[in-house]
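Since the structure comes first, as structure tokens, the remarks are kept for the end.
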Amino acid sequence: MTGLRAHTDPAGGPPVRPAGPGGDGGCLRAVLVLPLLLLYTPAVLLCWAALALEPEAPYDGIREDVRFLAGSSVVLCLLGLLLTITPLFRRVLGRWWFALPLLLATVAHVRGQTV
């Protein structure tokens, strides 16, 4: 192998290349990103809707809708975070995959509390 350390399989199989830059983890990374995108895309849309809706009166029914949208966005972000902290995801994906759901959940939570 050129420049990469190969890890040997304890069962005596062929050497395994690491999943990272220069490794064979590109396809696995693409497969693992798909469920995260399926969780984070609706979370972004729900957060955007919660930010876009403006109640006109103090007792407007839209207030509860905004709180529901924000709460739903937070739940989807937490589900994505739970998926991301599994060992397989942490090994293949970088740490920056924690940044989007944390930021998005924070924005949605603040919007739900301050509406």
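Residue names in the structure tokens use chain letters A, B, ... in the order shown, residue numbers from 1 in each chain, and ligand numbers from 1 in the order shown.
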Residues near A:Leu38, cut-off 12 Å, only C-alpha atoms, skip fewer than 6 positions along chain, as a list in words: Val31, Leu32, Val44, Leu45, Leu76, Cys77, Leu79, Gly80 and Leu83 of chain A
What are the nearest atom pairs, with distances in Å to one decimal, for all residues of stretch 80-106 of chain A that come at most 12 Å from stretch 48-71 of chain A, using only C-alpha atoms, set out by chain and rising residue number as a tab-separated table?
```
residue	atom	partner	partner_atom	distance
A:Leu104	CA	A:Ala70	CA	9.8
A:Ala105	CA	A:Ala70	CA	8.3
A:Thr106	CA	A:Ala70	CA	9.8
```
Atom CA of A:Arg90 to atom CA of A:Val110, distance in Å rounded to a single decimal: 27.6 Å
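The smallest atom-to-atom distance between A:Val33 and any of A:Ala108, A:Leu46, A:Leu78, A:Thr84, using only C-alpha atoms, is found for A:Thr84.
You will find atom CA of A:Val115 at 24.3 Å from atom CA of A:Leu39.
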d(atom CA of A:Leu82, atom CA of A:Gln113) in Å: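 Atom CA of A:Gln113 lies 23.3 Å from atom CA of A:Leu82.
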Which of A:Thr114, A:Pro101, A:Val107, A:Val92 sits closest to A:Cys27 [using only C-alpha atoms]: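 Looking at the shortest contact to A:Cys27, the residue is A:Val92.
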